[in-house]
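What follows is coords26.pdb (PDB, C-alpha atoms).
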```pdb
ATOM      1  CA  MET A  63      96.212  99.275  97.966
ATOM      2  CA  ASN A  64      94.150  96.118  98.263
ATOM      3  CA  ARG A  65      96.956  93.655  98.938
ATOM      4  CA  ARG A  66      98.708  92.029 101.866
ATOM      5  CA  ARG A  67     102.501  91.966 101.804
ATOM      6  CA  VAL A  68     104.971  90.853 104.447
ATOM      7  CA  ILE A  69     108.732  91.243 104.773
ATOM      8  CA  VAL A  70     110.005  88.318 106.859
ATOM      9  CA  ASN A  71     113.233  89.695 108.332
ATOM     10  CA  ALA A  72     115.747  87.886 110.561
ATOM     11  CA  ASP A  73     117.814  90.012 112.940
ATOM     12  CA  ASP A  74     121.319  89.378 114.349
ATOM     13  CA  PHE A  75     122.878  87.982 111.156
ATOM     14  CA  GLY A  76     126.582  87.601 111.958
ATOM     15  CA  LEU A  77     126.207  87.662 115.740
ATOM     16  CA  SER A  78     127.136  83.956 115.858
ATOM     17  CA  ARG A  79     127.726  81.116 113.418
ATOM     18  CA  GLY A  80     124.626  79.310 114.671
ATOM     19  CA  ILE A  81     122.424  82.321 113.975
ATOM     20  CA  SER A  82     123.971  82.792 110.535
ATOM     21  CA  ASP A  83     123.477  79.104 109.646
ATOM     22  CA  ALA A  84     119.850  79.287 110.805
ATOM     23  CA  ILE A  85     119.225  82.264 108.520
ATOM     24  CA  LEU A  86     120.610  80.280 105.592
ATOM     25  CA  THR A  87     118.266  77.399 106.451
ATOM     26  CA  ALA A  88     115.249  79.694 106.865
ATOM     27  CA  TYR A  89     115.946  81.260 103.471
ATOM     28  CA  ARG A  90     116.479  77.970 101.649
ATOM     29  CA  CYS A  91     113.728  75.955 103.315
ATOM     30  CA  GLY A  92     111.313  78.532 104.705
ATOM     31  CA  ILE A  93     109.649  81.893 104.216
ATOM     32  CA  LEU A  94     112.552  84.200 105.089
ATOM     33  CA  THR A  95     112.990  87.061 102.598
ATOM     34  CA  SER A  96     115.325  89.467 104.404
ATOM     35  CA  ALA A  97     117.949  89.713 107.145
ATOM     36  CA  SER A  98     119.728  92.454 109.094
ATOM     37  CA  ILE A  99     123.476  91.936 109.373
ATOM     38  CA  MET A 100     125.741  93.200 112.147
ATOM     39  CA  ALA A 101     129.184  94.663 111.502
ATOM     40  CA  ASN A 102     132.330  93.730 113.387
ATOM     41  CA  GLN A 103     130.887  90.722 115.206
ATOM     42  CA  ALA A 104     132.404  87.290 115.748
ATOM     43  CA  ALA A 105     130.609  85.789 112.733
ATOM     44  CA  SER A 106     130.068  88.876 110.546
ATOM     45  CA  GLU A 107     132.564  87.829 107.884
ATOM     46  CA  TYR A 108     131.230  84.268 108.026
ATOM     47  CA  ALA A 109     127.717  85.631 107.405
ATOM     48  CA  ILE A 110     128.971  87.630 104.427
ATOM     49  CA  GLU A 111     130.445  84.433 102.972
ATOM     50  CA  LEU A 112     127.066  82.715 103.371
ATOM     51  CA  LEU A 113     125.412  85.443 101.288
ATOM     52  CA  ARG A 114     126.911  83.821  98.193
ATOM     53  CA  GLN A 115     124.396  81.018  98.768
ATOM     54  CA  MET A 116     121.473  83.445  99.185
ATOM     55  CA  PRO A 117     121.422  85.674  96.096
ATOM     56  CA  GLY A 118     117.766  86.598  96.559
ATOM     57  CA  LEU A 119     117.953  87.582 100.222
ATOM     58  CA  GLY A 120     117.426  91.245 101.088
ATOM     59  CA  VAL A 121     120.192  92.347 103.466
ATOM     60  CA  GLY A 122     119.947  95.394 105.719
ATOM     61  CA  VAL A 123     122.187  96.743 108.462
ATOM     62  CA  HIS A 124     121.531  95.921 112.119
ATOM     63  CA  LEU A 125     123.142  98.916 113.819
ATOM     64  CA  ASN A 126     124.563  98.155 117.215
ATOM     65  CA  LEU A 127     125.528  99.948 120.429
ATOM     66  CA  THR A 128     125.281  97.050 122.900
ATOM     67  CA  ALA A 129     127.189  93.989 121.609
ATOM     68  CA  GLY A 130     130.960  93.643 121.368
ATOM     69  CA  ARG A 131     133.219  96.540 120.463
ATOM     70  CA  PRO A 132     132.747  99.551 118.175
ATOM     71  CA  VAL A 133     134.093  99.685 114.630
ATOM     72  CA  LEU A 134     135.668 103.072 115.341
ATOM     73  CA  PRO A 135     138.695 103.417 117.628
ATOM     74  CA  VAL A 136     137.620 103.583 121.267
ATOM     75  CA  ARG A 137     139.152 107.060 121.620
ATOM     76  CA  ASP A 138     136.639 108.366 119.030
ATOM     77  CA  VAL A 139     133.538 107.125 120.889
ATOM     78  CA  PRO A 140     134.322 107.447 124.625
ATOM     79  CA  SER A 141     130.681 108.007 125.627
ATOM     80  CA  LEU A 142     129.660 104.660 124.087
ATOM     81  CA  VAL A 143     132.118 102.290 125.747
ATOM     82  CA  ASP A 144     133.191 101.108 129.177
ATOM     83  CA  ALA A 145     136.692 101.078 130.661
ATOM     84  CA  ASN A 146     137.565  97.965 128.634
ATOM     85  CA  GLY A 147     136.524  99.534 125.330
ATOM     86  CA  ASP A 148     133.392  97.373 125.015
ATOM     87  CA  PHE A 149     129.911  98.684 124.407
ATOM     88  CA  TYR A 150     127.887  99.066 127.601
ATOM     89  CA  SER A 151     125.152  96.544 128.394
ATOM     90  CA  LEU A 152     121.628  97.297 127.190
ATOM     91  CA  ALA A 153     120.499  98.419 130.653
ATOM     92  CA  VAL A 154     123.312 100.978 130.844
ATOM     93  CA  VAL A 155     122.934 102.070 127.224
ATOM     94  CA  ALA A 156     119.185 102.587 127.625
ATOM     95  CA  ARG A 157     119.715 104.823 130.638
ATOM     96  CA  ARG A 158     122.445 106.807 128.884
ATOM     97  CA  LEU A 159     120.319 107.232 125.755
ATOM     98  CA  TRP A 160     117.340 108.511 127.729
ATOM     99  CA  THR A 161     119.490 110.990 129.652
ATOM    100  CA  PHE A 162     121.684 111.962 126.668
ATOM    101  CA  GLY A 163     124.775 110.593 128.403
ATOM    102  CA  ALA A 164     125.779 109.085 125.069
ATOM    103  CA  ARG A 165     126.843 111.780 122.595
ATOM    104  CA  SER A 166     124.763 112.010 119.430
ATOM    105  CA  ALA A 167     127.783 112.871 117.266
ATOM    106  CA  GLU A 168     129.591 109.728 118.424
ATOM    107  CA  ILE A 169     126.526 107.581 117.776
ATOM    108  CA  GLU A 170     126.193 108.966 114.257
ATOM    109  CA  ALA A 171     129.890 108.397 113.550
ATOM    110  CA  GLU A 172     129.753 104.814 114.831
ATOM    111  CA  PHE A 173     126.582 104.041 112.874
ATOM    112  CA  ARG A 174     128.196 105.349 109.687
ATOM    113  CA  ALA A 175     131.338 103.340 110.399
ATOM    114  CA  GLN A 176     129.283 100.151 110.754
ATOM    115  CA  ILE A 177     127.491 100.799 107.461
ATOM    116  CA  ARG A 178     130.781 101.526 105.725
ATOM    117  CA  TRP A 179     132.314  98.362 107.199
ATOM    118  CA  LEU A 180     129.592  96.372 105.454
ATOM    119  CA  LYS A 181     130.046  98.250 102.192
ATOM    120  CA  VAL A 182     133.784  97.573 102.226
ATOM    121  CA  HIS A 183     132.911  93.897 102.625
ATOM    122  CA  GLY A 184     130.587  93.994  99.618
ATOM    123  CA  VAL A 185     127.218  94.472 101.337
ATOM    124  CA  VAL A 186     125.067  97.429 100.242
ATOM    125  CA  PRO A 187     122.246  97.516 102.830
ATOM    126  CA  THR A 188     118.648  97.471 101.615
ATOM    127  CA  HIS A 189     117.376  98.949 104.895
ATOM    128  CA  ALA A 190     118.391  99.902 108.415
ATOM    129  CA  ASP A 191     117.241  98.910 111.885
ATOM    130  CA  SER A 192     119.090  98.371 115.151
ATOM    131  CA  HIS A 193     120.052  95.735 117.677
ATOM    132  CA  GLN A 194     117.631  95.857 120.634
ATOM    133  CA  HIS A 195     115.929  98.905 119.034
ATOM    134  CA  VAL A 196     118.521 101.350 120.378
ATOM    135  CA  HIS A 197     117.951 103.779 117.499
ATOM    136  CA  LEU A 198     114.482 104.611 118.835
ATOM    137  CA  TYR A 199     115.834 106.187 122.028
ATOM    138  CA  PRO A 200     115.839 110.020 121.961
ATOM    139  CA  ALA A 201     119.627 110.465 122.018
ATOM    140  CA  ALA A 202     120.108 108.011 119.129
ATOM    141  CA  LEU A 203     117.176 108.847 116.843
ATOM    142  CA  THR A 204     118.593 111.942 115.131
ATOM    143  CA  ALA A 205     121.994 110.265 114.812
ATOM    144  CA  PHE A 206     120.329 107.249 113.186
ATOM    145  CA  VAL A 207     118.438 109.396 110.674
ATOM    146  CA  ARG A 208     121.528 111.394 109.739
ATOM    147  CA  ALA A 209     123.763 108.345 109.404
ATOM    148  CA  VAL A 210     121.317 106.318 107.344
ATOM    149  CA  ARG A 211     120.531 109.198 104.987
ATOM    150  CA  ALA A 212     124.190 110.090 104.563
ATOM    151  CA  GLU A 213     124.995 106.487 103.611
ATOM    152  CA  GLY A 214     122.234 106.348 101.000
ATOM    153  CA  ILE A 215     119.829 103.935 102.719
ATOM    154  CA  HIS A 216     116.211 104.690 101.849
ATOM    155  CA  CYS A 217     114.257 102.093 103.860
ATOM    156  CA  VAL A 218     113.957 101.615 107.619
ATOM    157  CA  ARG A 219     112.034  99.388 109.989
ATOM    158  CA  ALA A 220     108.665 100.706 111.119
ATOM    159  CA  PRO A 221     108.679 101.608 114.845
ATOM    160  CA  ARG A 222     104.977 100.787 115.254
ATOM    161  CA  CYS A 223     103.971  97.327 116.443
ATOM    162  CA  SER A 224     100.505  95.856 115.828
ATOM    163  CA  VAL A 225      98.765  92.712 117.015
ATOM    164  CA  TRP A 226      96.522  90.808 114.611
ATOM    165  CA  PRO A 227      93.727  90.096 115.219
ATOM    166  CA  ALA A 228      93.461  93.518 116.829
ATOM    167  CA  LYS A 229      91.663  92.804 120.081
ATOM    168  CA  GLY A 230      92.111  93.031 123.817
ATOM    169  CA  PRO A 231      93.249  95.971 125.946
ATOM    170  CA  ALA A 232      94.640  99.163 124.475
ATOM    171  CA  GLY A 233      98.338  99.813 124.378
ATOM    172  CA  GLY A 234      99.354  97.299 121.767
ATOM    173  CA  PRO A 235     101.806  94.490 122.472
ATOM    174  CA  HIS A 236     104.087  96.431 124.811
ATOM    175  CA  GLU A 237     105.003  95.346 128.334
ATOM    176  CA  GLY A 238     103.976  96.899 131.637
ATOM    177  CA  PRO A 239     100.990  98.824 133.045
ATOM    178  CA  LEU A 240      98.403 100.322 130.697
ATOM    179  CA  ALA A 241      99.794 103.856 131.020
ATOM    180  CA  ARG A 242     103.260 102.693 129.970
ATOM    181  CA  ARG A 243     101.927 100.651 127.063
ATOM    182  CA  LEU A 244      99.904 103.591 125.785
ATOM    183  CA  ALA A 245     102.893 105.913 126.121
ATOM    184  CA  VAL A 246     105.209 103.555 124.221
ATOM    185  CA  GLN A 247     102.618 103.019 121.519
ATOM    186  CA  ALA A 248     102.106 106.767 121.103
ATOM    187  CA  TYR A 249     105.848 107.502 121.088
ATOM    188  CA  ARG A 250     106.553 104.936 118.399
ATOM    189  CA  GLY A 251     103.741 106.295 116.247
ATOM    190  CA  ILE A 252     105.089 109.833 116.588
ATOM    191  CA  VAL A 253     108.589 108.667 115.619
ATOM    192  CA  GLN A 254     107.225 106.856 112.560
ATOM    193  CA  PHE A 255     105.305 109.852 111.256
ATOM    194  CA  THR A 256     107.804 112.576 112.140
ATOM    195  CA  ALA A 257     111.496 111.666 112.403
ATOM    196  CA  LEU A 258     111.265 108.744 109.947
ATOM    197  CA  ARG A 259     108.607 110.085 107.607
ATOM    198  CA  GLY A 260     111.014 110.491 104.672
ATOM    199  CA  PHE A 261     111.934 106.812 104.545
ATOM    200  CA  ALA A 262     110.130 103.921 102.915
ATOM    201  CA  MET A 263     108.868 101.471 105.542
ATOM    202  CA  PRO A 264     106.049  99.006 106.197
ATOM    203  CA  HIS A 265     102.770 100.108 107.776
ATOM    204  CA  SER A 266     103.739  98.310 110.978
ATOM    205  CA  ARG A 267     105.577  95.366 112.460
ATOM    206  CA  ILE A 268     103.567  92.255 113.252
ATOM    207  CA  SER A 269     103.815  91.672 116.981
ATOM    208  CA  PHE A 270     102.162  89.573 119.662
ATOM    209  CA  ARG A 271     100.823  89.964 123.180
ATOM    210  CA  ALA A 272     103.427  89.619 125.924
ATOM    211  CA  ALA A 273     101.948  86.332 127.165
ATOM    212  CA  ASP A 274     102.006  84.880 123.650
ATOM    213  CA  ARG A 275     105.636  85.914 123.150
ATOM    214  CA  ARG A 276     106.617  84.013 126.286
ATOM    215  CA  ASP A 277     104.840  80.828 125.144
ATOM    216  CA  LEU A 278     107.446  79.375 122.795
ATOM    217  CA  SER A 279     105.274  76.362 122.004
ATOM    218  CA  GLY A 280     102.676  78.691 120.464
ATOM    219  CA  ILE A 281     104.852  80.515 117.925
ATOM    220  CA  VAL A 282     103.462  78.665 114.898
ATOM    221  CA  ARG A 283      99.882  79.262 116.075
ATOM    222  CA  CYS A 284     100.515  82.981 116.653
ATOM    223  CA  TRP A 285     102.140  83.524 113.289
ATOM    224  CA  ARG A 286      99.409  81.583 111.490
ATOM    225  CA  THR A 287      96.687  83.555 113.294
ATOM    226  CA  ALA A 288      98.374  86.847 112.406
ATOM    227  CA  PHE A 289      98.555  85.880 108.734
ATOM    228  CA  ASP A 290      94.886  84.904 108.803
ATOM    229  CA  ASN A 291      93.890  88.339 110.153
ATOM    230  CA  LEU A 292      96.179  90.842 108.420
ATOM    231  CA  PRO A 293      94.441  93.765 106.722
ATOM    232  CA  ALA A 294      95.532  95.015 103.310
ATOM    233  CA  ALA A 295      98.880  96.769 103.898
ATOM    234  CA  ASP A 296     102.631  96.164 104.083
ATOM    235  CA  PHE A 297     104.055  94.606 107.262
ATOM    236  CA  GLU A 298     107.290  93.238 108.662
ATOM    237  CA  LEU A 299     107.480  90.013 110.637
ATOM    238  CA  THR A 300     110.695  90.369 112.626
ATOM    239  CA  CYS A 301     112.272  87.133 113.828
ATOM    240  CA  HIS A 302     115.453  85.835 115.472
ATOM    241  CA  PRO A 303     116.181  82.309 114.196
ATOM    242  CA  GLY A 304     119.237  80.524 115.508
ATOM    243  CA  LEU A 305     120.970  77.217 116.112
ATOM    244  CA  PHE A 306     123.156  76.288 119.056
ATOM    245  CA  SER A 307     126.604  77.856 118.818
ATOM    246  CA  ALA A 308     129.188  76.880 121.445
ATOM    247  CA  GLY A 309     130.575  79.858 123.307
ATOM    248  CA  PHE A 310     127.558  82.015 122.472
ATOM    249  CA  SER A 311     124.285  80.183 123.067
ATOM    250  CA  GLU A 312     125.089  79.277 126.683
ATOM    251  CA  SER A 313     124.670  82.941 127.670
ATOM    252  CA  ASP A 314     122.089  83.940 125.055
ATOM    253  CA  ARG A 315     118.844  84.686 126.883
ATOM    254  CA  ILE A 316     116.709  83.926 123.788
ATOM    255  CA  ALA A 317     118.562  80.797 122.629
ATOM    256  CA  ALA A 318     115.448  78.601 122.984
ATOM    257  CA  GLN A 319     113.295  81.182 121.190
ATOM    258  CA  ARG A 320     115.747  81.251 118.284
ATOM    259  CA  GLU A 321     115.402  77.511 117.693
ATOM    260  CA  GLU A 322     111.603  77.635 117.919
ATOM    261  CA  GLU A 323     111.461  80.516 115.449
ATOM    262  CA  LEU A 324     113.621  78.603 112.986
ATOM    263  CA  THR A 325     111.110  75.759 113.261
ATOM    264  CA  ALA A 326     108.260  78.205 112.584
ATOM    265  CA  LEU A 327     110.007  79.764 109.583
ATOM    266  CA  THR A 328     110.310  76.354 107.938
ATOM    267  CA  ASN A 329     106.858  75.106 109.005
ATOM    268  CA  THR A 330     104.561  74.253 106.078
ATOM    269  CA  GLU A 331     101.522  75.578 108.004
ATOM    270  CA  ILE A 332     102.974  79.088 107.916
ATOM    271  CA  ARG A 333     103.679  78.928 104.193
ATOM    272  CA  LYS A 334     100.162  77.607 103.569
ATOM    273  CA  ALA A 335      98.696  80.429 105.680
ATOM    274  CA  ALA A 336     100.525  82.977 103.540
ATOM    275  CA  GLN A 337      99.285  81.316 100.358
ATOM    276  CA  ARG A 338      95.728  80.931 101.661
ATOM    277  CA  ASN A 339      95.523  84.614 102.504
ATOM    278  CA  ARG A 340      97.259  85.696  99.284
ATOM    279  CA  ILE A 341     100.096  87.291 101.211
ATOM    280  CA  GLN A 342     103.051  88.308  99.073
ATOM    281  CA  LEU A 343     106.430  87.756 100.722
ATOM    282  CA  ILE A 344     108.622  90.714  99.741
ATOM    283  CA  ARG A 345     111.883  92.520 100.544
ATOM    284  CA  TYR A 346     112.604  96.129 101.491
ATOM    285  CA  THR A 347     113.775  96.844  97.951
ATOM    286  CA  ASP A 348     110.181  96.321  96.819
ATOM    287  CA  LEU A 349     109.053  99.209  99.037
ATOM    288  CA  HIS A 350     111.636 101.645  97.701
ATOM    289  CA  ALA A 351     111.044 100.610  94.080
ATOM    290  CA  GLU A 352     107.434 101.764  94.394
ATOM    291  CA  LYS A 353     108.190 105.282  95.636
ATOM    292  CA  PRO A 354     107.288 107.968  93.082
ATOM    293  CA  GLN A 355     110.056 108.479  90.526
ATOM    294  CA  GLN A 356     110.529 112.138  91.490
ATOM    295  CA  GLU A 357     111.123 111.166  95.140
ATOM    296  CA  ARG A 358     113.800 108.621  94.180
ATOM    297  CA  ALA A 359     115.456 111.186  91.912
ATOM    298  CA  ALA A 360     115.540 113.679  94.792
ATOM    299  CA  GLU A 361     117.163 111.079  97.043
ATOM    300  CA  VAL A 362     119.936 110.487  94.507
ATOM    301  CA  THR A 363     120.461 114.236  94.109
ATOM    302  CA  THR A 364     120.723 114.905  97.841
ATOM    303  CA  ALA A 365     122.668 111.762  98.802
TER     304      ALA A 365
END
```
How would this structure read if it were set down as structure tokens?
Amino acid sequence: MNRRRVIVNADDFGLSRGISDAILTAYRCGILTSASIMANQAASEYAIELLRQMPGLGVGVHLNLTAGRPVLPVRDVPSLVDANGDFYSLAVVARRLWTFGARSAEIEAEFRAQIRWLKVHGVVPTHADSHQHVHLYPAALTAFVRAVRAEGIHCVRAPRCSVWPAKGPAGGPHEGPLARRLAVQAYRGIVQFTALRGFAMPHSRISFRAADRRDLSGIVRCWRTAFDNLPAADFELTCHPGLFSAGFSESDRIAAQREEELTALTNTEIRKAAQRNRIQLIRYTDLHAEKPQQERAAEVTTA
């Protein structure tokens, strides 16, 4: 395959009105091709209303175990919630997912409930990923695979992250000492080629070195450089655009990043870089449409 293709996907659709409005702007005025929507959030129904203005946007599900409350009754998912019935914070969830303190059956049931919530509201997800990557933790991975397959979703986000141009120390774009970065890189590769091997997905996600991610003023430069150096393959550029939303942004740790990413998504330099490098901007449905016909038939039969 001698072509470069990129899915430009915005996460957190429906988490706030400001984020949802930014996704609309990035689709209308920028390079956004896809978004991952969250169920049962403060602006989820508002985001679904906005979809009427974005008929060409690919919309996946952003499965969640860390924000707000579950879709299922609290009594059905006791290992996922605190005493108030809210999801635990990411730090607590991460620890519970590593130690299997969160029950896989409850995770699967909640994931399926979130997908069904979207379907009831008229959204048939093109792909699946998760808020803060919780589905990649050992206790959640099998539950994620079972839930997504059972709900008929054939595309997922690639766990692997790559930096382009590929240079510098080993261990990819991950944080921490070299040993940790190598371990995370290896684990994500194993997950991609074992647990998720039956799904359609990009070759990798486009990522950036930790120092570059912290330099918000350099987002446009980093994205442009990545586009100038991509090899021939399919990639996803994951982003988190947003606008200020009272009652949410004040406590959002990446509020400034969201506004800078919206600026990058609508920046003409980025669009020109894609055109200059003959990069096709696609959606997840394009990946599944290209799977061999017999594989798609088998998916329908077993769904």
Using all atoms listed in the file, find all polymer residues with an atom at most 6 Å away from the point (103.1, 93.1, 106.3); report them as a PyMOL selection string. chain A and resi 67-68+296-298
What are the closest atom pairs, with distances in Å to one decimal, for each residue of range 208-324 of chain A lying within 9 Å of range 80-97 of chain A, using all atoms listed in the file, rows by chain and rising residue number, as a Markdown table?
```
| residue | atom | partner | partner_atom | distance |
| --- | --- | --- | --- | --- |
| A:His302 | CA | A:Ile81 | CA | 7.9 |
| A:Pro303 | CA | A:Ala84 | CA | 5.8 |
| A:Gly304 | CA | A:Ile81 | CA | 4.0 |
| A:Leu305 | CA | A:Gly80 | CA | 4.5 |
| A:Phe306 | CA | A:Gly80 | CA | 5.5 |
| A:Ser307 | CA | A:Gly80 | CA | 4.8 |
| A:Ala308 | CA | A:Gly80 | CA | 8.5 |
| A:Phe310 | CA | A:Gly80 | CA | 8.8 |
| A:Ser311 | CA | A:Gly80 | CA | 8.4 |
| A:Arg320 | CA | A:Ile81 | CA | 8.0 |
| A:Glu321 | CA | A:Ala84 | CA | 8.4 |
| A:Leu324 | CA | A:Ala88 | CA | 6.4 |
```
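Residue nearest Pro227 in chain A within the list A:Pro187, A:Pro132, A:Pro293, A:Pro117: A:Pro293 [criterion: smallest interatomic distance, all atoms listed in the file].
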Residues matched by the PyMOL selection byres ((chain A and resi 294) around 6), written as a compact mmCIF listing (two decimals) with C-alpha atoms, in the frame of the given file:
```txt
# COMPACT_ATOMS: atom_id res chain seq x y z
CA ASN A 64 94.15 96.12 98.26
CA ARG A 65 96.96 93.66 98.94
CA ARG A 66 98.71 92.03 101.87
CA PRO A 293 94.44 93.76 106.72
CA ALA A 295 98.88 96.77 103.90
```
Can you work out the spacing between CA of Val139 in chain A and CA of Glu172 in chain A in Å, to one decimal? 7.5 Å
